[in-house]
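Peer 1: What follows is work-v4.cif, mmCIF, C-alpha atoms.
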```
data_protein
loop_
_atom_site.group_PDB
_atom_site.id
_atom_site.type_symbol
_atom_site.label_atom_id
_atom_site.label_comp_id
_atom_site.auth_asym_id
_atom_site.auth_seq_id
_atom_site.Cartn_x
_atom_site.Cartn_y
_atom_site.Cartn_z
ATOM 1 C CA MET A 1 1.080 -27.244 26.837
ATOM 2 C CA ASN A 2 2.393 -28.799 23.640
ATOM 3 C CA ILE A 3 0.349 -27.917 20.559
ATOM 4 C CA ASP A 4 1.037 -28.561 16.893
ATOM 5 C CA ILE A 5 -0.307 -25.289 15.562
ATOM 6 C CA HIS A 6 -0.036 -25.952 11.800
ATOM 7 C CA VAL A 7 -1.978 -28.972 10.540
ATOM 8 C CA HIS A 8 -3.910 -29.525 7.303
ATOM 9 C CA THR A 9 -6.607 -32.136 6.671
ATOM 10 C CA ARG A 10 -8.089 -33.402 3.419
ATOM 11 C CA TYR A 11 -11.416 -31.982 4.604
ATOM 12 C CA TYR A 12 -10.585 -28.541 3.162
ATOM 13 C CA SER A 13 -6.916 -28.738 2.091
ATOM 14 C CA THR A 14 -6.836 -30.774 -1.089
ATOM 15 C CA CYS A 15 -3.051 -31.219 -0.845
ATOM 16 C CA SER A 16 -3.411 -33.084 2.469
ATOM 17 C CA ILE A 17 -4.030 -36.816 2.819
ATOM 18 C CA ILE A 18 -4.951 -36.648 6.514
ATOM 19 C CA TYR A 19 -8.413 -37.873 7.447
ATOM 20 C CA PRO A 20 -9.605 -35.842 10.457
ATOM 21 C CA LYS A 21 -10.761 -38.972 12.295
ATOM 22 C CA ASP A 22 -7.198 -40.367 12.241
ATOM 23 C CA ILE A 23 -5.700 -37.389 14.062
ATOM 24 C CA PHE A 24 -6.805 -38.320 17.575
ATOM 25 C CA ASP A 25 -4.632 -41.423 18.008
ATOM 26 C CA LYS A 26 -1.671 -39.668 16.406
ATOM 27 C CA VAL A 27 -1.937 -36.752 18.866
ATOM 28 C CA ARG A 28 -2.081 -39.145 21.826
ATOM 29 C CA GLU A 29 1.103 -40.950 20.769
ATOM 30 C CA SER A 30 2.993 -37.747 19.901
ATOM 31 C CA ASN A 31 3.228 -36.163 23.376
ATOM 32 C CA LEU A 32 0.881 -33.398 22.255
ATOM 33 C CA ASP A 33 -1.940 -31.801 24.192
ATOM 34 C CA GLY A 34 -3.680 -30.720 21.027
ATOM 35 C CA ILE A 35 -3.509 -29.326 17.513
ATOM 36 C CA ILE A 36 -4.653 -26.309 15.545
ATOM 37 C CA ILE A 37 -6.193 -27.071 12.159
ATOM 38 C CA THR A 38 -5.079 -24.444 9.634
ATOM 39 C CA GLU A 39 -6.636 -25.298 6.295
ATOM 40 C CA HIS A 40 -5.590 -23.486 3.134
ATOM 41 C CA ASN A 41 -7.858 -20.459 2.690
ATOM 42 C CA ALA A 42 -10.781 -22.119 4.469
ATOM 43 C CA ILE A 43 -12.287 -22.482 7.937
ATOM 44 C CA TRP A 44 -14.545 -25.274 9.108
ATOM 45 C CA SER A 45 -18.130 -24.205 9.788
ATOM 46 C CA LYS A 46 -19.295 -23.858 13.385
ATOM 47 C CA SER A 47 -21.367 -27.053 13.189
ATOM 48 C CA GLU A 48 -18.402 -28.987 11.749
ATOM 49 C CA ARG A 49 -16.114 -27.710 14.492
ATOM 50 C CA GLU A 50 -18.551 -28.557 17.277
ATOM 51 C CA LYS A 51 -19.094 -32.088 15.958
ATOM 52 C CA TYR A 52 -15.357 -32.715 15.651
ATOM 53 C CA LYS A 53 -14.631 -31.376 19.131
ATOM 54 C CA LYS A 54 -17.148 -33.814 20.619
ATOM 55 C CA GLU A 55 -15.386 -36.682 18.876
ATOM 56 C CA ALA A 56 -12.003 -35.503 20.190
ATOM 57 C CA ASN A 57 -12.934 -36.044 23.848
ATOM 58 C CA GLU A 58 -10.012 -34.792 25.989
ATOM 59 C CA ILE A 59 -7.807 -33.696 23.055
ATOM 60 C CA LEU A 60 -7.656 -29.959 22.451
ATOM 61 C CA ILE A 61 -8.716 -29.124 18.887
ATOM 62 C CA LEU A 62 -8.568 -25.499 17.751
ATOM 63 C CA TRP A 63 -8.728 -23.716 14.405
ATOM 64 C CA GLY A 64 -6.863 -21.031 12.508
ATOM 65 C CA ILE A 65 -6.249 -20.562 8.791
ATOM 66 C CA GLU A 66 -3.357 -20.434 6.321
ATOM 67 C CA ILE A 67 -3.950 -17.642 3.823
ATOM 68 C CA SER A 68 -2.213 -17.397 0.438
ATOM 69 C CA CYS A 69 -1.779 -13.715 -0.424
ATOM 70 C CA LYS A 70 -1.126 -11.760 -3.626
ATOM 71 C CA SER A 71 2.582 -11.536 -2.865
ATOM 72 C CA GLY A 72 2.847 -15.330 -3.025
ATOM 73 C CA LEU A 73 3.516 -15.481 0.711
ATOM 74 C CA HIS A 74 1.484 -17.625 3.083
ATOM 75 C CA TYR A 75 0.375 -16.504 6.543
ATOM 76 C CA LEU A 76 -0.887 -18.421 9.540
ATOM 77 C CA VAL A 77 -3.691 -16.488 11.195
ATOM 78 C CA TYR A 78 -5.057 -17.123 14.692
ATOM 79 C CA PHE A 79 -8.061 -15.264 16.110
ATOM 80 C CA ASP A 80 -11.279 -15.746 18.072
ATOM 81 C CA ILE A 81 -12.905 -18.318 15.807
ATOM 82 C CA ASN A 82 -16.325 -17.736 17.388
ATOM 83 C CA ASP A 83 -16.387 -13.965 16.990
ATOM 84 C CA TYR A 84 -15.265 -12.497 13.685
ATOM 85 C CA SER A 85 -16.894 -10.897 10.660
ATOM 86 C CA PHE A 86 -13.890 -10.644 8.356
ATOM 87 C CA ASN A 87 -13.977 -12.536 5.049
ATOM 88 C CA PHE A 88 -10.767 -14.449 4.381
ATOM 89 C CA TYR A 89 -10.079 -15.321 0.756
ATOM 90 C CA GLU A 90 -7.261 -16.622 -1.415
ATOM 91 C CA ASN A 91 -4.927 -14.094 -3.090
ATOM 92 C CA MET A 92 -6.018 -11.228 -0.883
ATOM 93 C CA ASP A 93 -3.705 -8.260 -0.462
ATOM 94 C CA ASP A 94 -1.105 -8.807 2.250
ATOM 95 C CA PHE A 95 -1.688 -5.457 3.924
ATOM 96 C CA GLU A 96 -5.454 -5.924 3.816
ATOM 97 C CA LEU A 97 -4.904 -9.171 5.700
ATOM 98 C CA PHE A 98 -2.650 -7.504 8.289
ATOM 99 C CA SER A 99 -5.090 -4.659 8.866
ATOM 100 C CA ASN A 100 -8.236 -6.749 9.124
ATOM 101 C CA VAL A 101 -6.744 -9.465 11.328
ATOM 102 C CA HIS A 102 -5.403 -6.899 13.780
ATOM 103 C CA GLU A 103 -8.750 -5.131 13.765
ATOM 104 C CA ILE A 104 -10.442 -8.324 15.013
ATOM 105 C CA GLY A 105 -7.705 -8.851 17.611
ATOM 106 C CA GLY A 106 -5.915 -11.707 15.868
ATOM 107 C CA VAL A 107 -2.286 -12.400 15.004
ATOM 108 C CA VAL A 108 -0.539 -12.862 11.646
ATOM 109 C CA ILE A 109 2.493 -15.117 11.244
ATOM 110 C CA PRO A 110 4.410 -15.814 8.010
ATOM 111 C CA ALA A 111 4.533 -19.538 7.250
ATOM 112 C CA HIS A 112 7.696 -21.124 5.757
ATOM 113 C CA LEU A 113 8.791 -17.596 4.811
ATOM 114 C CA PHE A 114 12.129 -18.440 3.189
ATOM 115 C CA ARG A 115 10.943 -21.553 1.358
ATOM 116 C CA TYR A 116 11.050 -19.767 -2.013
ATOM 117 C CA ASN A 117 12.609 -16.447 -0.950
ATOM 118 C CA LYS A 118 16.011 -17.365 0.428
ATOM 119 C CA ASN A 119 17.730 -14.063 -0.366
ATOM 120 C CA LYS A 120 14.945 -11.577 0.286
ATOM 121 C CA ASP A 121 15.085 -9.128 3.191
ATOM 122 C CA PHE A 122 11.627 -8.847 4.717
ATOM 123 C CA THR A 123 12.583 -6.516 7.588
ATOM 124 C CA ASP A 124 11.091 -3.323 6.165
ATOM 125 C CA ILE A 125 8.020 -5.044 4.742
ATOM 126 C CA PHE A 126 7.065 -6.750 7.984
ATOM 127 C CA ASN A 127 8.090 -4.109 10.507
ATOM 128 C CA SER A 128 5.142 -3.746 12.937
ATOM 129 C CA GLN A 129 2.933 -5.809 10.628
ATOM 130 C CA ILE A 130 3.472 -9.365 11.869
ATOM 131 C CA ASP A 131 3.142 -10.813 15.353
ATOM 132 C CA GLY A 132 5.461 -13.802 15.148
ATOM 133 C CA ILE A 133 7.308 -16.031 12.723
ATOM 134 C CA GLU A 134 7.268 -19.764 12.060
ATOM 135 C CA ILE A 135 10.904 -20.749 12.428
ATOM 136 C CA LYS A 136 10.500 -24.480 11.754
ATOM 137 C CA SER A 137 8.081 -26.796 9.984
ATOM 138 C CA ASN A 138 8.252 -29.700 7.575
ATOM 139 C CA ASN A 139 8.592 -27.102 4.805
ATOM 140 C CA ILE A 140 11.397 -25.073 6.400
ATOM 141 C CA ASP A 141 14.960 -26.283 5.866
ATOM 142 C CA LEU A 142 17.938 -25.383 8.075
ATOM 143 C CA GLU A 143 18.839 -22.271 6.094
ATOM 144 C CA GLY A 144 15.248 -21.074 6.242
ATOM 145 C CA MET A 145 15.155 -21.760 9.967
ATOM 146 C CA TYR A 146 18.283 -19.719 10.680
ATOM 147 C CA LYS A 147 17.042 -16.833 8.527
ATOM 148 C CA SER A 148 13.667 -16.922 10.308
ATOM 149 C CA ILE A 149 15.338 -16.869 13.706
ATOM 150 C CA GLU A 150 17.498 -13.925 12.649
ATOM 151 C CA LEU A 151 14.438 -12.018 11.412
ATOM 152 C CA SER A 152 12.530 -12.727 14.619
ATOM 153 C CA LYS A 153 15.377 -11.215 16.625
ATOM 154 C CA LYS A 154 15.529 -8.121 14.395
ATOM 155 C CA LEU A 155 11.795 -7.521 14.694
ATOM 156 C CA LYS A 156 11.597 -8.734 18.315
ATOM 157 C CA ILE A 157 8.687 -11.056 17.610
ATOM 158 C CA THR A 158 7.603 -14.455 18.906
ATOM 159 C CA GLN A 159 8.993 -17.662 17.428
ATOM 160 C CA ILE A 160 6.662 -20.594 16.795
ATOM 161 C CA ALA A 161 6.904 -24.021 15.184
ATOM 162 C CA GLY A 162 4.326 -26.331 13.680
ATOM 163 C CA SER A 163 4.515 -29.471 11.610
ATOM 164 C CA ASP A 164 2.701 -28.144 8.517
ATOM 165 C CA ALA A 165 1.481 -31.711 8.350
ATOM 166 C CA HIS A 166 -0.164 -32.942 5.162
ATOM 167 C CA SER A 167 0.358 -36.571 6.121
ATOM 168 C CA LEU A 168 -0.282 -38.237 9.463
ATOM 169 C CA ASP A 169 3.328 -39.175 10.214
ATOM 170 C CA ILE A 170 4.444 -35.528 10.302
ATOM 171 C CA ILE A 171 2.056 -34.403 13.070
ATOM 172 C CA GLY A 172 4.007 -33.504 16.214
ATOM 173 C CA LYS A 173 7.407 -33.435 14.529
ATOM 174 C CA TYR A 174 7.510 -29.711 15.273
ATOM 175 C CA PHE A 175 5.206 -27.929 17.694
ATOM 176 C CA THR A 176 4.853 -24.931 19.982
ATOM 177 C CA GLN A 177 5.069 -25.165 23.760
ATOM 178 C CA PHE A 178 2.874 -22.721 25.657
ATOM 179 C CA ASP A 179 3.652 -21.482 29.166
ATOM 180 C CA ASN A 180 0.016 -21.291 30.257
ATOM 181 C CA GLU A 181 -3.019 -23.489 29.787
ATOM 182 C CA ILE A 182 -4.622 -23.073 26.374
ATOM 183 C CA LEU A 183 -8.390 -23.526 26.261
ATOM 184 C CA ASN A 184 -9.336 -21.706 23.071
ATOM 185 C CA GLU A 185 -8.068 -19.633 20.159
ATOM 186 C CA LYS A 186 -8.077 -16.434 22.219
ATOM 187 C CA ASP A 187 -5.556 -18.006 24.601
ATOM 188 C CA VAL A 188 -3.295 -18.816 21.636
ATOM 189 C CA VAL A 189 -3.459 -15.217 20.417
ATOM 190 C CA LEU A 190 -2.642 -13.869 23.873
ATOM 191 C CA ALA A 191 0.326 -16.209 24.297
ATOM 192 C CA ILE A 192 1.799 -15.241 20.935
ATOM 193 C CA LYS A 193 1.309 -11.522 21.583
ATOM 194 C CA ASN A 194 3.028 -11.806 24.973
ATOM 195 C CA ASP A 195 5.792 -14.195 23.856
ATOM 196 C CA LYS A 196 4.585 -16.878 26.256
ATOM 197 C CA CYS A 197 5.466 -19.779 23.968
ATOM 198 C CA ARG A 198 8.452 -21.292 22.193
ATOM 199 C CA PRO A 199 9.193 -23.570 19.208
ATOM 200 C CA ILE A 200 10.021 -27.219 19.887
ATOM 201 C CA ILE A 201 11.842 -29.308 17.292
ATOM 202 C CA ASN A 202 11.746 -33.089 17.559
ATOM 203 C CA SER A 203 14.698 -34.654 15.748
#
```
Now that the file is in, can you turn its structure into structure tokens?

Peer 2:
Amino acid sequence: MNIDIHVHTRYYSTCSIIYPKDIFDKVRESNLDGIIITEHNAIWSKSEREKYKKEANEILILWGIEISCKSGLHYLVYFDINDYSFNFYENMDDFELFSNVHEIGGVVIPAHLFRYNKNKDFTDIFNSQIDGIEIKSNNIDLEGMYKSIELSKKLKITQIAGSDAHSLDIIGKYFTQFDNEILNEKDVVLAIKNDKCRPIINS
């Protein structure tokens, strides 16, 4: 299955110009099976998610979150959206995020890691703390991609890609291909933990 796992909408991400209702046609024309909405430091309410899923019909719509931490780094977090008690918030401590996400069975993935940190070595910081790495998005250049790939090999973690779309035309430019059928957020977590997915880059 082909899923763009990093998409922002103007619903909760003020930097995005994507209206949620416009996503459906874009997904259909982009050879995608679905998307994961990862707003900045916010998650849609259960009622909002259920309403949007009904409107999506056959398109798979899932949710995660992109958290901005104290370190200045951003992390994509995927977990069972229907069963968690952890409070996500902006500028939280990185290690608090790691600990709490793993406690609820989720996964933590640095987003566009080398965007502003080209010469930093994250190996010791992230060892055993992250579950994968985003190797390509609209906000990852070639140097950042190669550094991310190198780090993923050092840490032996899963590589993913997502568009990091803030405008409609970017959706599907980069996505993650999953080996097995994905029905919910728990399936995404399991695939990432077991390295049953791979990044796809559309030129």

Peer 1: Please write the residues picked by the PyMOL selection byres ((chain A and resi 170) around 12) on this file as a compact mmCIF listing (two decimals) with C-alpha atoms, in the frame of the given file.

Peer 2:
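Final output, out_12.txt:
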```
# COMPACT_ATOMS: atom_id res chain seq x y z
CA ASP A 4 1.04 -28.56 16.89
CA HIS A 6 -0.04 -25.95 11.80
CA VAL A 7 -1.98 -28.97 10.54
CA HIS A 8 -3.91 -29.52 7.30
CA SER A 16 -3.41 -33.08 2.47
CA ILE A 17 -4.03 -36.82 2.82
CA ILE A 18 -4.95 -36.65 6.51
CA ILE A 23 -5.70 -37.39 14.06
CA LYS A 26 -1.67 -39.67 16.41
CA VAL A 27 -1.94 -36.75 18.87
CA SER A 30 2.99 -37.75 19.90
CA SER A 137 8.08 -26.80 9.98
CA ASN A 138 8.25 -29.70 7.58
CA ASN A 139 8.59 -27.10 4.80
CA GLY A 162 4.33 -26.33 13.68
CA SER A 163 4.51 -29.47 11.61
CA ASP A 164 2.70 -28.14 8.52
CA ALA A 165 1.48 -31.71 8.35
CA HIS A 166 -0.16 -32.94 5.16
CA SER A 167 0.36 -36.57 6.12
CA LEU A 168 -0.28 -38.24 9.46
CA ASP A 169 3.33 -39.17 10.21
CA ILE A 171 2.06 -34.40 13.07
CA GLY A 172 4.01 -33.50 16.21
CA LYS A 173 7.41 -33.44 14.53
CA TYR A 174 7.51 -29.71 15.27
CA PHE A 175 5.21 -27.93 17.69
CA ILE A 201 11.84 -29.31 17.29
CA ASN A 202 11.75 -33.09 17.56
CA SER A 203 14.70 -34.65 15.75
```

Peer 1: Please define a box with edges along x, y and z of the file around all atoms of range 91-101 of chain A given in the file, extend it by 5 Å on each side, and return its centre and edge lengths in Å to one decimal, as lines of an AutoDock Vina configuration file.

Peer 2:
```
center_x = -4.7
center_y = -9.4
center_z = 4.1
size_x = 17.1
size_y = 19.4
size_z = 24.4
```

Peer 1: Can you work out which one of A:His102, A:Arg115, A:Arg49, A:Lys147 has the shortest atom-to-atom distance to Tyr11 in chain A, counting only C-alpha atoms?

Peer 2: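 Looking only at the distances to Tyr11 in chain A, the closest residue turns out to be A:Arg49.
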
Peer 1: I need the residue set behind the PyMOL selection byres ((chain A and resi 67) around 8) for this file; please write it as an mmCIF file with C-alpha atoms, keeping the file's coordinate frame.

Peer 2:
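Dumped to selection-v4.cif:
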```cif
data_model
loop_
_atom_site.group_PDB
_atom_site.id
_atom_site.type_symbol
_atom_site.label_atom_id
_atom_site.label_comp_id
_atom_site.auth_asym_id
_atom_site.auth_seq_id
_atom_site.Cartn_x
_atom_site.Cartn_y
_atom_site.Cartn_z
ATOM 1 C CA HIS A 40 -5.590 -23.486 3.134
ATOM 2 C CA ASN A 41 -7.858 -20.459 2.690
ATOM 3 C CA ILE A 65 -6.249 -20.562 8.791
ATOM 4 C CA GLU A 66 -3.357 -20.434 6.321
ATOM 5 C CA SER A 68 -2.213 -17.397 0.438
ATOM 6 C CA CYS A 69 -1.779 -13.715 -0.424
ATOM 7 C CA HIS A 74 1.484 -17.625 3.083
ATOM 8 C CA TYR A 75 0.375 -16.504 6.543
ATOM 9 C CA LEU A 76 -0.887 -18.421 9.540
ATOM 10 C CA VAL A 77 -3.691 -16.488 11.195
ATOM 11 C CA PHE A 88 -10.767 -14.449 4.381
ATOM 12 C CA TYR A 89 -10.079 -15.321 0.756
ATOM 13 C CA GLU A 90 -7.261 -16.622 -1.415
ATOM 14 C CA ASN A 91 -4.927 -14.094 -3.090
#
```

Peer 1: Could you jot down the CA of Asp179 in chain A to CA of Met1 in chain A separation for me, Å, one decimal place?

Peer 2: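 Separating CA of Asp179 in chain A from CA of Met1 in chain A is a distance of 6.7 Å.
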
Peer 1: I need the residue nearest Lys120 in chain A from this list: A:Lys51, A:Gly105, A:Leu151, A:Phe95. Use only C-alpha atoms for the distance.

Peer 2: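 Of all the options, A:Leu151 lies closest to Lys120 in chain A.
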
Peer 1: Can you tell me, as a PyMOL selection string, what residues are no more than 10 Å from Ile59 in chain A when counting all atoms listed in the file, ignoring any on the same chain fewer than 6 positions away?

Peer 2: chain A and resi 23-25+27-28+32-35+53

Peer 1: Do you have the CA of Lys193 in chain A-CA of Asn2 in chain A distance handy?

Peer 2: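 Atom-to-atom, CA of Lys193 in chain A and CA of Asn2 in chain A are spaced 17.4 Å apart.
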
Peer 1: Run through the PyMOL selection byres ((chain A and resi 109) around 10) on the given coordinates and return the selected residues as JSON, numbers by chain.

Peer 2: {"A": [66, 74, 75, 76, 77, 78, 98, 107, 108, 110, 111, 112, 113, 129, 130, 131, 132, 133, 134, 157, 158, 159, 160, 192]}

Peer 1: CA of Ile37 in chain A to CA of Trp63 in chain A: how many Å, to one decimal?

Peer 2: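 Between these atoms lies a distance of 4.8 Å.
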
Peer 1: Would you kindly return, as a PyMOL selection string, each protein, DNA or RNA residue with an atom no farther than 12 Å from any atom of Glu103 in chain A, considering all atoms listed in the file and excluding same-chain residues fewer than 6 positions away?

Peer 2: chain A and resi 79-80+84-86+96-97

Peer 1: My list of candidates is A:Val188, A:Trp44, A:Lys156, A:Glu58. Which is closest to Phe126 in chain A when distances are computed with all atoms listed in the file?

Peer 2: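 Looking only at the distances to Phe126 in chain A, the closest residue turns out to be A:Lys156.
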
Peer 1: Let me make sure I understand: among A:Phe122, A:Asp22, A:Thr9, A:Ile3, which one has the smallest atom-to-atom distance to Glu55 in chain A if we use only C-alpha atoms?

Peer 2: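 Closest residue, counting only C-alpha atoms: A:Asp22.
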
Peer 1: Fewer than 5 positions away in the same chain doesn't count, so skip those; otherwise give me all residues within 10 Å of Thr123 in chain A, counting all atoms listed in the file, as a list in words.

Peer 2: Ser128, Leu151, Ser152, Lys154 and Leu155 of chain A

Peer 1: Would you please work out which residue, of A:Cys15, A:Ile104, A:Ile81, A:Ile140, is nearest to Ser45 in chain A when using all atoms listed in the file?

Peer 2: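 Comparing A:Cys15, A:Ile104, A:Ile81, A:Ile140 against Ser45 in chain A, the winner is A:Ile81.
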
Peer 1: Have range 113-127 of chain A completed to N, CA, C and O atoms, please, and pass it along as an mmCIF file, in the frame of the given file.

Peer 2:
```
data_model
loop_
_atom_site.group_PDB
_atom_site.id
_atom_site.type_symbol
_atom_site.label_atom_id
_atom_site.label_comp_id
_atom_site.auth_asym_id
_atom_site.auth_seq_id
_atom_site.Cartn_x
_atom_site.Cartn_y
_atom_site.Cartn_z
ATOM 1 N N LEU A 113 8.518 -18.858 5.493
ATOM 2 C CA LEU A 113 8.791 -17.596 4.811
ATOM 3 C C LEU A 113 9.896 -17.704 3.767
ATOM 4 O O LEU A 113 9.794 -17.148 2.673
ATOM 5 N N PHE A 114 10.975 -18.404 4.091
ATOM 6 C CA PHE A 114 12.129 -18.440 3.189
ATOM 7 C C PHE A 114 12.149 -19.694 2.315
ATOM 8 O O PHE A 114 13.179 -20.029 1.736
ATOM 9 N N ARG A 115 11.019 -20.333 2.180
ATOM 10 C CA ARG A 115 10.943 -21.553 1.358
ATOM 11 C C ARG A 115 11.302 -21.246 -0.095
ATOM 12 O O ARG A 115 12.019 -21.999 -0.737
ATOM 13 N N TYR A 116 10.775 -20.153 -0.624
ATOM 14 C CA TYR A 116 11.050 -19.767 -2.013
ATOM 15 C C TYR A 116 11.729 -18.392 -2.107
ATOM 16 O O TYR A 116 11.908 -17.870 -3.204
ATOM 17 N N ASN A 117 12.067 -17.813 -0.970
ATOM 18 C CA ASN A 117 12.609 -16.447 -0.950
ATOM 19 C C ASN A 117 13.875 -16.383 -0.111
ATOM 20 O O ASN A 117 13.990 -15.568 0.791
ATOM 21 N N LYS A 118 14.834 -17.214 -0.418
ATOM 22 C CA LYS A 118 16.011 -17.365 0.428
ATOM 23 C C LYS A 118 16.806 -16.070 0.610
ATOM 24 O O LYS A 118 17.382 -15.824 1.657
ATOM 25 N N ASN A 119 16.860 -15.226 -0.420
ATOM 26 C CA ASN A 119 17.730 -14.063 -0.366
ATOM 27 C C ASN A 119 16.991 -12.749 -0.186
ATOM 28 O O ASN A 119 17.573 -11.678 -0.315
ATOM 29 N N LYS A 120 15.723 -12.806 0.135
ATOM 30 C CA LYS A 120 14.945 -11.577 0.286
ATOM 31 C C LYS A 120 15.009 -11.071 1.726
ATOM 32 O O LYS A 120 14.990 -11.841 2.675
ATOM 33 N N ASP A 121 15.093 -9.753 1.867
ATOM 34 C CA ASP A 121 15.085 -9.128 3.191
ATOM 35 C C ASP A 121 13.682 -8.587 3.464
ATOM 36 O O ASP A 121 13.230 -7.657 2.804
ATOM 37 N N PHE A 122 13.014 -9.209 4.421
ATOM 38 C CA PHE A 122 11.627 -8.847 4.717
ATOM 39 C C PHE A 122 11.504 -7.828 5.855
ATOM 40 O O PHE A 122 10.399 -7.476 6.247
ATOM 41 N N THR A 123 12.617 -7.360 6.388
ATOM 42 C CA THR A 123 12.583 -6.516 7.588
ATOM 43 C C THR A 123 11.677 -5.303 7.425
ATOM 44 O O THR A 123 10.791 -5.057 8.250
ATOM 45 N N ASP A 124 11.881 -4.539 6.359
ATOM 46 C CA ASP A 124 11.091 -3.323 6.165
ATOM 47 C C ASP A 124 9.632 -3.622 5.865
ATOM 48 O O ASP A 124 8.730 -2.901 6.286
ATOM 49 N N ILE A 125 9.388 -4.688 5.117
ATOM 50 C CA ILE A 125 8.020 -5.044 4.742
ATOM 51 C C ILE A 125 7.205 -5.417 5.981
ATOM 52 O O ILE A 125 6.051 -5.007 6.134
ATOM 53 N N PHE A 126 7.810 -6.185 6.865
ATOM 54 C CA PHE A 126 7.065 -6.750 7.984
ATOM 55 C C PHE A 126 7.117 -5.913 9.257
ATOM 56 O O PHE A 126 6.431 -6.222 10.225
ATOM 57 N N ASN A 127 7.931 -4.879 9.278
ATOM 58 C CA ASN A 127 8.090 -4.109 10.507
ATOM 59 C C ASN A 127 6.740 -3.634 11.044
ATOM 60 O O ASN A 127 6.004 -2.918 10.372
#
```
